[in-house]
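S.K.: There's a structure below that I have some questions on.
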Amino acid sequence: LHISTTILTVIQSVSVCLLIYAPMMMKLPMVTDYWISGKFEDDSCPNHFDVCCEEPLEAPQLKEEKGCGFLNSKGISSRITSNSEITQFAELPWSVLVFDEDHEKKKGAFVCGGSLIHPQVVITASHCVATVDDSFIKVRAGEWNLKNNDEPLPHQDQYVKEIIVHPQYKPGILWNDIALLILKQPFTINENIGFICLPPRKIKINEQLCVASGWGKNAFVKGRHSTVLRKVTLPIVSKNECQEALRSTRLGKFFRLHRSFMCAGGEKNKDTCKGDGGSPLICPLTEESGRYVQMGVVSWGIGCGNNKTPGVYVNVPVFSQWIDRQLKTRNLNTTYYKLRT
(Lines give C-alpha, C1' and ligand atoms only; values in the text may rest on other atoms or scores of the structure.)
Protein backbone atom coordinates (compact mmCIF):
# COMPACT_ATOMS: atom_id res chain seq x y z
CA LEU A 1 0.00 0.00 0.00
CA HIS A 2 1.81 3.11 -1.19
CA ILE A 3 1.10 6.54 0.35
CA SER A 4 1.37 9.39 -2.15
CA THR A 5 0.95 12.41 0.09
CA THR A 6 3.21 14.90 1.78
CA ILE A 7 3.99 12.38 4.52
CA LEU A 8 6.24 10.68 1.98
CA THR A 9 8.87 13.09 3.21
CA VAL A 10 8.78 11.11 6.46
CA ILE A 11 7.74 7.62 5.28
CA GLN A 12 8.52 6.56 1.74
CA SER A 13 6.14 3.59 1.62
CA VAL A 14 4.13 1.27 3.80
CA SER A 15 3.38 -2.43 3.31
CA VAL A 16 0.64 -4.15 5.23
CA CYS A 17 -0.70 -7.68 5.62
CA LEU A 18 -4.01 -7.94 3.77
CA LEU A 19 -6.42 -10.86 3.36
CA ILE A 20 -6.22 -12.10 -0.21
CA TYR A 21 -10.01 -12.32 -0.33
CA ALA A 22 -12.91 -13.15 1.94
CA PRO A 23 -12.96 -16.97 2.17
CA MET A 24 -16.08 -18.77 0.98
CA MET A 25 -15.92 -21.13 3.92
CA MET A 26 -13.54 -21.27 6.86
CA LYS A 27 -11.86 -24.59 7.52
CA LEU A 28 -13.63 -26.48 10.28
CA PRO A 29 -11.45 -27.62 13.20
CA MET A 30 -11.05 -31.38 13.24
CA VAL A 31 -10.56 -33.66 16.21
CA THR A 32 -7.30 -34.91 14.73
CA ASP A 33 -5.72 -31.47 14.37
CA TYR A 34 -3.68 -32.26 17.48
CA TRP A 35 -1.32 -34.44 15.46
CA ILE A 36 0.21 -31.49 13.66
CA SER A 37 3.14 -30.20 15.67
CA GLY A 38 6.90 -29.80 15.51
CA LYS A 39 9.23 -27.32 13.85
CA PHE A 40 7.75 -25.63 10.83
CA GLU A 41 8.81 -22.64 8.82
CA ASP A 42 7.50 -19.25 9.87
CA ASP A 43 5.27 -17.05 7.72
CA SER A 44 5.84 -13.32 7.36
CA CYS A 45 2.18 -12.59 8.14
CA PRO A 46 0.25 -14.09 11.08
CA ASN A 47 -2.43 -15.49 8.77
CA HIS A 48 -1.11 -17.44 5.78
CA PHE A 49 -3.96 -16.11 3.64
CA ASP A 50 -2.69 -12.61 4.35
CA VAL A 51 -0.06 -11.25 1.99
CA CYS A 52 2.30 -8.34 2.38
CA CYS A 53 1.48 -6.44 -0.77
CA GLU A 54 0.52 -3.17 -2.38
CA GLU A 55 -2.98 -4.12 -3.49
CA PRO A 56 -5.34 -6.92 -2.38
CA LEU A 57 -5.83 -9.67 -4.95
CA GLU A 58 -9.16 -10.69 -6.42
CA ALA A 59 -10.55 -14.17 -5.86
CA PRO A 60 -10.17 -16.29 -9.00
CA GLN A 61 -13.17 -17.94 -10.63
CA LEU A 62 -13.53 -21.61 -9.76
CA LYS A 63 -13.31 -24.00 -12.70
CA GLU A 64 -15.75 -26.77 -13.38
CA GLU A 65 -14.29 -30.24 -12.81
CA LYS A 66 -13.39 -31.86 -16.14
CA GLY A 67 -11.98 -35.15 -14.90
CA CYS A 68 -8.74 -36.38 -13.41
CA GLY A 69 -5.40 -34.60 -13.64
CA PHE A 70 -6.47 -30.95 -13.92
CA LEU A 71 -4.59 -28.76 -11.50
CA ASN A 72 -5.85 -25.38 -10.36
CA SER A 73 -2.93 -23.28 -11.57
CA LYS A 74 -4.05 -20.28 -9.53
CA GLY A 75 -5.49 -22.34 -6.71
CA ILE A 76 -8.21 -20.63 -4.72
CA SER A 77 -5.73 -17.96 -3.67
CA SER A 78 -2.58 -16.52 -5.15
CA ARG A 79 0.62 -16.66 -3.18
CA ILE A 80 3.93 -18.02 -4.39
CA THR A 81 7.62 -18.00 -3.55
CA SER A 82 10.72 -18.86 -5.51
CA ASN A 83 13.18 -21.76 -5.24
CA SER A 84 11.27 -24.69 -3.71
CA GLU A 85 7.91 -23.19 -4.57
CA ILE A 86 4.90 -23.00 -2.32
CA THR A 87 1.78 -24.24 -4.08
CA GLN A 88 -1.46 -22.30 -4.15
CA PHE A 89 -4.34 -23.57 -2.04
CA ALA A 90 -6.06 -26.44 -3.95
CA GLU A 91 -3.54 -26.26 -6.79
CA LEU A 92 -2.79 -30.00 -6.53
CA PRO A 93 -6.14 -31.36 -5.33
CA TRP A 94 -5.06 -35.02 -5.37
CA SER A 95 -2.32 -34.49 -2.76
CA VAL A 96 -2.96 -36.28 0.54
CA LEU A 97 -1.28 -36.82 3.90
CA VAL A 98 -1.07 -40.26 5.50
CA PHE A 99 -0.76 -40.27 9.28
CA ASP A 100 -0.85 -42.73 12.14
CA GLU A 101 -3.38 -41.78 14.81
CA ASP A 102 -2.43 -43.26 18.18
CA HIS A 103 -5.54 -43.14 20.37
CA GLU A 104 -3.75 -44.29 23.51
CA LYS A 105 -1.12 -41.55 23.35
CA LYS A 106 -3.66 -39.07 21.95
CA LYS A 107 -1.31 -37.86 19.28
CA GLY A 108 -0.63 -38.60 15.67
CA ALA A 109 2.48 -39.04 13.56
CA PHE A 110 3.02 -38.05 9.97
CA VAL A 111 3.74 -41.17 7.90
CA CYS A 112 3.98 -40.18 4.25
CA GLY A 113 2.42 -38.38 1.35
CA GLY A 114 0.16 -39.91 -1.27
CA SER A 115 -2.20 -39.19 -4.15
CA LEU A 116 -5.90 -39.73 -4.65
CA ILE A 117 -6.98 -41.75 -7.73
CA HIS A 118 -10.51 -42.67 -6.57
CA PRO A 119 -12.77 -41.37 -3.77
CA GLN A 120 -11.66 -44.37 -1.70
CA VAL A 121 -8.19 -45.18 -3.06
CA VAL A 122 -4.78 -43.60 -2.43
CA ILE A 123 -1.44 -44.45 -4.04
CA THR A 124 1.60 -44.24 -1.77
CA ALA A 125 4.93 -46.01 -1.20
CA SER A 126 5.14 -49.46 0.36
CA HIS A 127 8.05 -48.42 2.58
CA CYS A 128 5.66 -46.00 4.31
CA VAL A 129 2.93 -48.46 5.25
CA ALA A 130 4.26 -52.02 5.00
CA THR A 131 4.77 -52.37 8.78
CA VAL A 132 2.02 -50.14 10.22
CA ASP A 133 -1.28 -51.15 11.80
CA ASP A 134 -4.04 -50.10 9.42
CA SER A 135 -6.53 -49.70 12.27
CA PHE A 136 -4.92 -46.37 13.21
CA ILE A 137 -4.03 -45.04 9.76
CA LYS A 138 -5.87 -42.00 8.46
CA VAL A 139 -5.68 -40.11 5.19
CA ARG A 140 -6.23 -36.38 4.98
CA ALA A 141 -7.29 -34.79 1.68
CA GLY A 142 -7.77 -31.13 0.87
CA GLU A 143 -5.02 -30.01 3.25
CA TRP A 144 -2.58 -27.23 2.45
CA ASN A 145 -1.27 -25.38 5.50
CA LEU A 146 -0.49 -27.72 8.39
CA LYS A 147 -0.46 -24.99 11.03
CA ASN A 148 -3.55 -22.93 10.30
CA ASN A 149 -7.31 -23.49 10.24
CA ASP A 150 -8.08 -20.47 8.08
CA GLU A 151 -8.22 -22.10 4.65
CA PRO A 152 -11.11 -21.39 2.26
CA LEU A 153 -12.36 -25.00 2.23
CA PRO A 154 -12.08 -27.67 4.94
CA HIS A 155 -9.85 -30.71 4.72
CA GLN A 156 -11.38 -34.16 5.15
CA ASP A 157 -10.10 -37.21 7.06
CA GLN A 158 -10.90 -40.86 6.38
CA TYR A 159 -9.75 -44.04 8.08
CA VAL A 160 -7.98 -46.74 6.07
CA LYS A 161 -9.80 -50.05 5.70
CA GLU A 162 -7.10 -51.99 3.89
CA ILE A 163 -3.43 -51.57 3.04
CA ILE A 164 -2.37 -53.31 -0.17
CA VAL A 165 1.41 -53.64 -0.36
CA HIS A 166 2.75 -54.91 -3.67
CA PRO A 167 3.43 -58.66 -3.31
CA GLN A 168 6.97 -58.27 -4.76
CA TYR A 169 7.93 -55.36 -2.52
CA LYS A 170 11.48 -55.81 -1.19
CA PRO A 171 12.24 -53.93 2.05
CA GLY A 172 15.76 -52.55 2.25
CA ILE A 173 16.31 -52.37 -1.50
CA LEU A 174 12.78 -51.00 -2.06
CA TRP A 175 12.00 -52.83 -5.28
CA ASN A 176 8.30 -52.50 -6.24
CA ASP A 177 7.84 -49.78 -3.63
CA ILE A 178 4.15 -49.12 -4.29
CA ALA A 179 1.05 -49.55 -2.15
CA LEU A 180 -2.66 -48.77 -2.28
CA LEU A 181 -4.77 -47.58 0.63
CA ILE A 182 -8.46 -48.51 0.50
CA LEU A 183 -10.51 -46.16 2.67
CA LYS A 184 -13.50 -47.05 4.83
CA GLN A 185 -15.53 -44.17 3.39
CA PRO A 186 -15.11 -42.09 0.23
CA PHE A 187 -13.95 -38.51 0.22
CA THR A 188 -16.46 -35.88 -0.87
CA ILE A 189 -15.05 -34.27 -3.99
CA ASN A 190 -14.62 -30.51 -3.81
CA GLU A 191 -12.48 -27.77 -5.35
CA ASN A 192 -9.62 -28.82 -3.07
CA ILE A 193 -10.12 -32.60 -3.41
CA GLY A 194 -9.80 -34.37 -6.77
CA PHE A 195 -7.99 -37.15 -8.63
CA ILE A 196 -4.75 -37.53 -10.54
CA CYS A 197 -4.74 -39.52 -13.79
CA LEU A 198 -2.64 -42.64 -14.24
CA PRO A 199 -0.83 -42.96 -17.57
CA PRO A 200 -1.93 -45.40 -20.28
CA ARG A 201 0.76 -47.40 -22.08
CA LYS A 202 1.22 -44.92 -24.89
CA ILE A 203 1.30 -41.39 -23.59
CA LYS A 204 3.02 -38.17 -24.71
CA ILE A 205 4.27 -36.05 -21.83
CA ASN A 206 6.62 -33.11 -21.39
CA GLU A 207 9.49 -34.82 -19.58
CA GLN A 208 11.19 -31.51 -18.74
CA LEU A 209 8.32 -30.06 -16.70
CA CYS A 210 7.35 -32.78 -14.26
CA VAL A 211 6.36 -31.72 -10.76
CA ALA A 212 7.08 -33.35 -7.41
CA SER A 213 5.32 -32.13 -4.28
CA GLY A 214 5.05 -32.76 -0.57
CA TRP A 215 5.29 -31.48 2.98
CA GLY A 216 8.74 -33.00 3.49
CA LYS A 217 11.87 -31.48 4.98
CA ASN A 218 13.86 -28.77 3.22
CA ALA A 219 17.20 -30.45 3.93
CA PHE A 220 18.44 -33.97 4.57
CA VAL A 221 20.29 -32.99 7.75
CA LYS A 222 18.56 -30.74 10.30
CA GLY A 223 15.84 -29.84 7.83
CA ARG A 224 12.38 -28.67 8.84
CA HIS A 225 9.05 -29.93 7.55
CA SER A 226 7.29 -27.47 5.31
CA THR A 227 4.25 -25.74 6.76
CA VAL A 228 2.48 -25.71 3.40
CA LEU A 229 2.46 -28.04 0.42
CA ARG A 230 5.46 -27.32 -1.78
CA LYS A 231 6.29 -28.27 -5.33
CA VAL A 232 9.42 -28.44 -7.45
CA THR A 233 9.74 -28.78 -11.23
CA LEU A 234 12.04 -31.61 -12.30
CA PRO A 235 13.05 -33.24 -15.58
CA ILE A 236 12.80 -37.00 -16.03
CA VAL A 237 16.23 -38.61 -16.28
CA SER A 238 16.78 -41.69 -18.49
CA LYS A 239 17.48 -45.01 -16.79
CA ASN A 240 21.05 -45.25 -18.12
CA GLU A 241 21.93 -41.70 -17.14
CA CYS A 242 20.42 -42.16 -13.69
CA GLN A 243 22.21 -45.45 -13.13
CA GLU A 244 25.56 -43.91 -14.03
CA ALA A 245 24.93 -40.97 -11.70
CA LEU A 246 24.03 -43.27 -8.82
CA ARG A 247 27.11 -45.43 -9.44
CA SER A 248 29.25 -42.37 -8.70
CA THR A 249 27.78 -42.29 -5.17
CA ARG A 250 28.33 -44.67 -2.27
CA LEU A 251 26.22 -47.25 -4.14
CA GLY A 252 29.29 -48.09 -6.20
CA LYS A 253 30.07 -48.96 -9.81
CA PHE A 254 28.11 -52.23 -9.83
CA PHE A 255 24.78 -50.73 -8.82
CA ARG A 256 21.87 -51.61 -11.11
CA LEU A 257 18.64 -49.64 -11.20
CA HIS A 258 15.65 -51.99 -10.95
CA ARG A 259 12.90 -51.78 -13.58
CA SER A 260 10.40 -50.72 -10.90
CA PHE A 261 12.25 -47.39 -10.56
CA MET A 262 12.48 -44.22 -12.62
CA CYS A 263 14.48 -41.06 -11.94
CA ALA A 264 13.97 -37.31 -12.02
CA GLY A 265 15.92 -34.23 -11.03
CA GLY A 266 19.65 -33.95 -10.52
CA GLU A 267 19.73 -30.16 -10.26
CA LYS A 268 21.28 -28.69 -7.12
CA ASN A 269 18.75 -27.71 -4.40
CA LYS A 270 15.81 -28.98 -6.44
CA ASP A 271 14.63 -32.31 -5.08
CA THR A 272 12.22 -34.15 -2.83
CA CYS A 273 13.45 -34.98 0.68
CA LYS A 274 12.64 -36.71 3.98
CA GLY A 275 8.89 -36.77 4.56
CA ASP A 276 8.04 -36.58 0.85
CA GLY A 277 7.97 -40.38 0.50
CA GLY A 278 4.80 -41.67 -1.16
CA SER A 279 4.05 -38.30 -2.76
CA PRO A 280 3.40 -38.09 -6.51
CA LEU A 281 5.61 -37.08 -9.41
CA ILE A 282 3.29 -35.75 -12.09
CA CYS A 283 4.01 -34.77 -15.70
CA PRO A 284 2.01 -32.58 -18.10
CA LEU A 285 0.39 -33.98 -21.23
CA THR A 286 1.79 -32.45 -24.38
CA GLU A 287 -1.55 -32.48 -26.18
CA GLU A 288 -3.80 -31.16 -23.40
CA SER A 289 -2.74 -28.02 -21.58
CA GLY A 290 -3.05 -28.00 -17.81
CA ARG A 291 -3.60 -31.75 -17.47
CA TYR A 292 -1.22 -34.12 -15.71
CA VAL A 293 -0.62 -37.83 -15.20
CA GLN A 294 1.24 -39.45 -12.32
CA MET A 295 4.47 -41.02 -13.56
CA GLY A 296 6.18 -41.62 -10.23
CA VAL A 297 5.94 -42.04 -6.47
CA VAL A 298 8.68 -40.58 -4.26
CA SER A 299 10.77 -43.56 -3.10
CA TRP A 300 14.43 -42.87 -2.19
CA GLY A 301 17.53 -40.87 -2.99
CA ILE A 302 21.11 -40.10 -2.00
CA GLY A 303 20.74 -37.04 0.21
CA CYS A 304 18.46 -34.20 -0.94
CA GLY A 305 19.14 -31.80 -3.77
CA ASN A 306 22.68 -32.98 -4.52
CA ASN A 307 24.01 -31.72 -7.83
CA LYS A 308 23.88 -34.32 -10.65
CA THR A 309 22.27 -36.96 -8.41
CA PRO A 310 18.66 -37.65 -9.46
CA GLY A 311 15.96 -38.73 -7.04
CA VAL A 312 14.51 -42.22 -7.43
CA TYR A 313 10.77 -42.78 -7.87
CA VAL A 314 8.44 -45.73 -8.32
CA ASN A 315 7.86 -46.24 -12.05
CA VAL A 316 4.05 -45.98 -11.97
CA PRO A 317 3.34 -47.12 -15.57
CA VAL A 318 4.91 -50.51 -14.73
CA PHE A 319 2.15 -51.06 -12.17
CA SER A 320 -0.89 -49.80 -14.08
CA GLN A 321 -2.34 -53.27 -14.69
CA TRP A 322 -1.70 -54.31 -11.07
CA ILE A 323 -3.55 -51.20 -9.85
CA ASP A 324 -6.49 -51.93 -12.17
CA ARG A 325 -6.72 -55.50 -10.88
CA GLN A 326 -6.74 -54.43 -7.23
CA LEU A 327 -9.64 -52.03 -7.80
CA LYS A 328 -11.66 -54.39 -9.99
CA THR A 329 -11.28 -57.20 -7.46
CA ARG A 330 -12.86 -54.90 -4.87
CA ASN A 331 -15.60 -53.67 -7.24
CA LEU A 332 -14.12 -50.16 -7.38
CA ASN A 333 -14.53 -48.07 -10.51
CA THR A 334 -11.28 -47.54 -12.43
CA THR A 335 -12.58 -44.75 -14.67
CA TYR A 336 -11.81 -42.05 -12.09
CA TYR A 337 -8.11 -42.09 -13.01
CA LYS A 338 -8.44 -42.95 -16.70
CA LEU A 339 -7.87 -40.40 -19.44
CA ARG A 340 -11.02 -39.96 -21.49
CA THR A 341 -10.51 -40.59 -25.17
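For the C-alpha coordinates, the naming scheme is as follows: chains receive sequential letters (A, B, ...) according to their order of presentation, residues are indexed from 1 within each chain, and ligands are indexed from 1 in presentation order.
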Near region 132-134 of chain A, within 12 Å and counting only C-alpha atoms, which residues show up once chain neighbours fewer than 5 positions away are dropped, as a list in words?
M.R.: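 Once the adjacent positions are removed, what remains is Val98, Phe99, Asp100, Glu101, Asp102, Ala109, Val111, Cys112, Ser126, His127, Val139, Gln158, Tyr159, Val160, Lys161, Glu162, Ile163, Ile164, Val165, Leu180, Leu181, Ile182, Leu183 and Lys184 of chain A.
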S.K.: Identify which of the residues A:Gln294, A:Ser95, A:Gln168, A:Ser73 lies closest to Arg140 (chain A), counting only C-alpha atoms when measuring atom-to-atom distances.
M.R.: A:Ser95
S.K.: Report, in Å to a single decimal, how far apart CA of Asn192 (chain A) and CA of Trp215 (chain A) are.
M.R.: 16.3 Å
S.K.: Got a sec: who's within 10 Å of Val298 (chain A), counting only C-alpha atoms, leaving out chain neighbours fewer than 3 positions off, as a PyMOL selection string?
M.R.: chain A and resi 112-114+124-125+177-178+212-214+261-264+272-281+301+311-315
S.K.: Those same residues, written as a short mmCIF file (atom, residue, chain, number, x, y, z; two decimals), in the first residue's frame with N, CA and C atoms?
M.R.:
```cif
data_model
loop_
_atom_site.label_atom_id
_atom_site.label_comp_id
_atom_site.auth_asym_id
_atom_site.auth_seq_id
_atom_site.Cartn_x
_atom_site.Cartn_y
_atom_site.Cartn_z
N CYS A 112 3.52 -40.38 5.63
CA CYS A 112 3.98 -40.18 4.25
C CYS A 112 2.98 -39.30 3.49
N GLY A 113 3.35 -39.01 2.26
CA GLY A 113 2.42 -38.38 1.35
C GLY A 113 1.73 -39.44 0.50
N GLY A 114 0.85 -39.00 -0.38
CA GLY A 114 0.16 -39.91 -1.27
C GLY A 114 -0.66 -39.12 -2.28
N THR A 124 0.47 -44.69 -2.57
CA THR A 124 1.60 -44.24 -1.77
C THR A 124 2.74 -45.23 -1.94
N ALA A 125 3.78 -45.11 -1.12
CA ALA A 125 4.93 -46.01 -1.20
C ALA A 125 4.79 -47.13 -0.17
N ASP A 177 8.19 -50.57 -4.82
CA ASP A 177 7.84 -49.78 -3.63
C ASP A 177 6.52 -49.02 -3.83
N ILE A 178 5.46 -49.75 -4.06
CA ILE A 178 4.15 -49.12 -4.29
C ILE A 178 3.09 -49.81 -3.44
N ALA A 212 7.15 -32.58 -8.65
CA ALA A 212 7.08 -33.35 -7.41
C ALA A 212 6.59 -32.42 -6.31
N SER A 213 5.89 -32.98 -5.33
CA SER A 213 5.32 -32.13 -4.28
C SER A 213 5.32 -32.87 -2.95
N GLY A 214 5.12 -32.13 -1.88
CA GLY A 214 5.05 -32.76 -0.57
C GLY A 214 5.24 -31.76 0.56
N PHE A 261 11.88 -48.77 -10.87
CA PHE A 261 12.25 -47.39 -10.56
C PHE A 261 12.33 -46.53 -11.81
N MET A 262 12.18 -45.24 -11.63
CA MET A 262 12.48 -44.22 -12.62
C MET A 262 13.16 -43.08 -11.87
N CYS A 263 13.73 -42.14 -12.59
CA CYS A 263 14.48 -41.06 -11.94
C CYS A 263 14.06 -39.70 -12.47
N ALA A 264 14.25 -38.69 -11.63
CA ALA A 264 13.97 -37.31 -12.02
C ALA A 264 14.85 -36.38 -11.20
N THR A 272 13.06 -33.77 -3.95
CA THR A 272 12.22 -34.15 -2.83
C THR A 272 13.15 -34.57 -1.69
N CYS A 273 12.59 -34.70 -0.46
CA CYS A 273 13.45 -34.98 0.68
C CYS A 273 12.70 -35.80 1.71
N LYS A 274 13.27 -35.95 2.92
CA LYS A 274 12.64 -36.71 3.98
C LYS A 274 11.22 -36.22 4.23
N GLY A 275 10.28 -37.14 4.32
CA GLY A 275 8.89 -36.77 4.56
C GLY A 275 8.08 -36.66 3.29
N ASP A 276 8.75 -36.63 2.14
CA ASP A 276 8.04 -36.58 0.85
C ASP A 276 7.70 -37.96 0.32
N GLY A 277 8.21 -39.01 0.96
CA GLY A 277 7.97 -40.38 0.50
C GLY A 277 6.49 -40.66 0.27
N GLY A 278 6.18 -41.36 -0.81
CA GLY A 278 4.80 -41.67 -1.16
C GLY A 278 4.09 -40.60 -1.96
N SER A 279 4.68 -39.41 -2.02
CA SER A 279 4.05 -38.30 -2.76
C SER A 279 4.22 -38.49 -4.27
N PRO A 280 3.37 -37.85 -5.06
CA PRO A 280 3.40 -38.09 -6.51
C PRO A 280 4.42 -37.25 -7.27
N LEU A 281 4.90 -37.82 -8.37
CA LEU A 281 5.61 -37.08 -9.41
C LEU A 281 4.69 -37.06 -10.61
N GLY A 301 16.51 -41.67 -2.34
CA GLY A 301 17.53 -40.87 -2.99
C GLY A 301 18.80 -40.85 -2.14
N GLY A 311 16.76 -38.00 -8.01
CA GLY A 311 15.96 -38.73 -7.04
C GLY A 311 15.35 -39.94 -7.70
N VAL A 312 15.03 -40.96 -6.90
CA VAL A 312 14.51 -42.22 -7.43
C VAL A 312 13.04 -42.36 -7.05
N TYR A 313 12.22 -42.70 -8.02
CA TYR A 313 10.77 -42.78 -7.87
C TYR A 313 10.27 -44.14 -8.33
N VAL A 314 9.12 -44.53 -7.81
CA VAL A 314 8.44 -45.73 -8.32
C VAL A 314 8.01 -45.44 -9.76
N ASN A 315 8.24 -46.38 -10.65
CA ASN A 315 7.86 -46.24 -12.05
C ASN A 315 6.39 -46.65 -12.21
#
```
S.K.: Nearest to Leu116 (chain A): which of A:Phe136, A:Phe254, A:Trp175, A:Trp94 is it, counting only C-alpha atoms?
M.R.: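 Counting only C-alpha atoms, the residue closest to Leu116 (chain A) is A:Trp94.
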S.K.: Compile the contact shell of region 236-244 of chain A as a PyMOL selection string: residues with an atom at most 9 Å away, counting only C-alpha atoms, same-chain residues fewer than 4 positions apart removed.
M.R.: chain A and resi 207-210+248+253+255-257+259+261-266+309-312
S.K.: Out of A:Val129, A:Val228, A:Ala141, A:Leu285, which residue has the shortest atom-to-atom distance to Ile203 (chain A) when counting only C-alpha atoms?
M.R.: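 Ranking A:Val129, A:Val228, A:Ala141, A:Leu285 by distance to Ile203 (chain A), first place goes to A:Leu285.
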S.K.: Using only C-alpha atoms for the distances, tell me which of A:Tyr169, A:Phe89, A:Phe195, A:Phe187 is nearest to Ser260 (chain A).
M.R.: A:Tyr169
S.K.: Tell me, which residues of region 114-237 of chain A carry DSSP alpha helix (DSSP H), written as a ChimeraX atom specification?
M.R.: /A:126-129
S.K.: Atoms to include: N, CA, C and O atoms. Write the selected residues as a CSV table (one decimal), in the first residue's frame.
M.R.:
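Below is the file result35.csv, written as the result:
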```
chain,number,residue,atom,x,y,z
A,126,SER,N,5.2,-48.3,-0.6
A,126,SER,CA,5.1,-49.5,0.4
A,126,SER,C,6.0,-49.2,1.6
A,126,SER,O,5.6,-49.7,2.7
A,127,HIS,N,7.2,-48.6,1.4
A,127,HIS,CA,8.0,-48.4,2.6
A,127,HIS,C,7.4,-47.6,3.7
A,127,HIS,O,7.8,-47.6,4.8
A,128,CYS,N,6.4,-46.8,3.3
A,128,CYS,CA,5.7,-46.0,4.3
A,128,CYS,C,4.7,-46.8,5.2
A,128,CYS,O,4.5,-46.5,6.3
A,129,VAL,N,4.1,-47.8,4.6
A,129,VAL,CA,2.9,-48.5,5.2
A,129,VAL,C,3.0,-50.0,5.4
A,129,VAL,O,2.1,-50.6,6.0
```
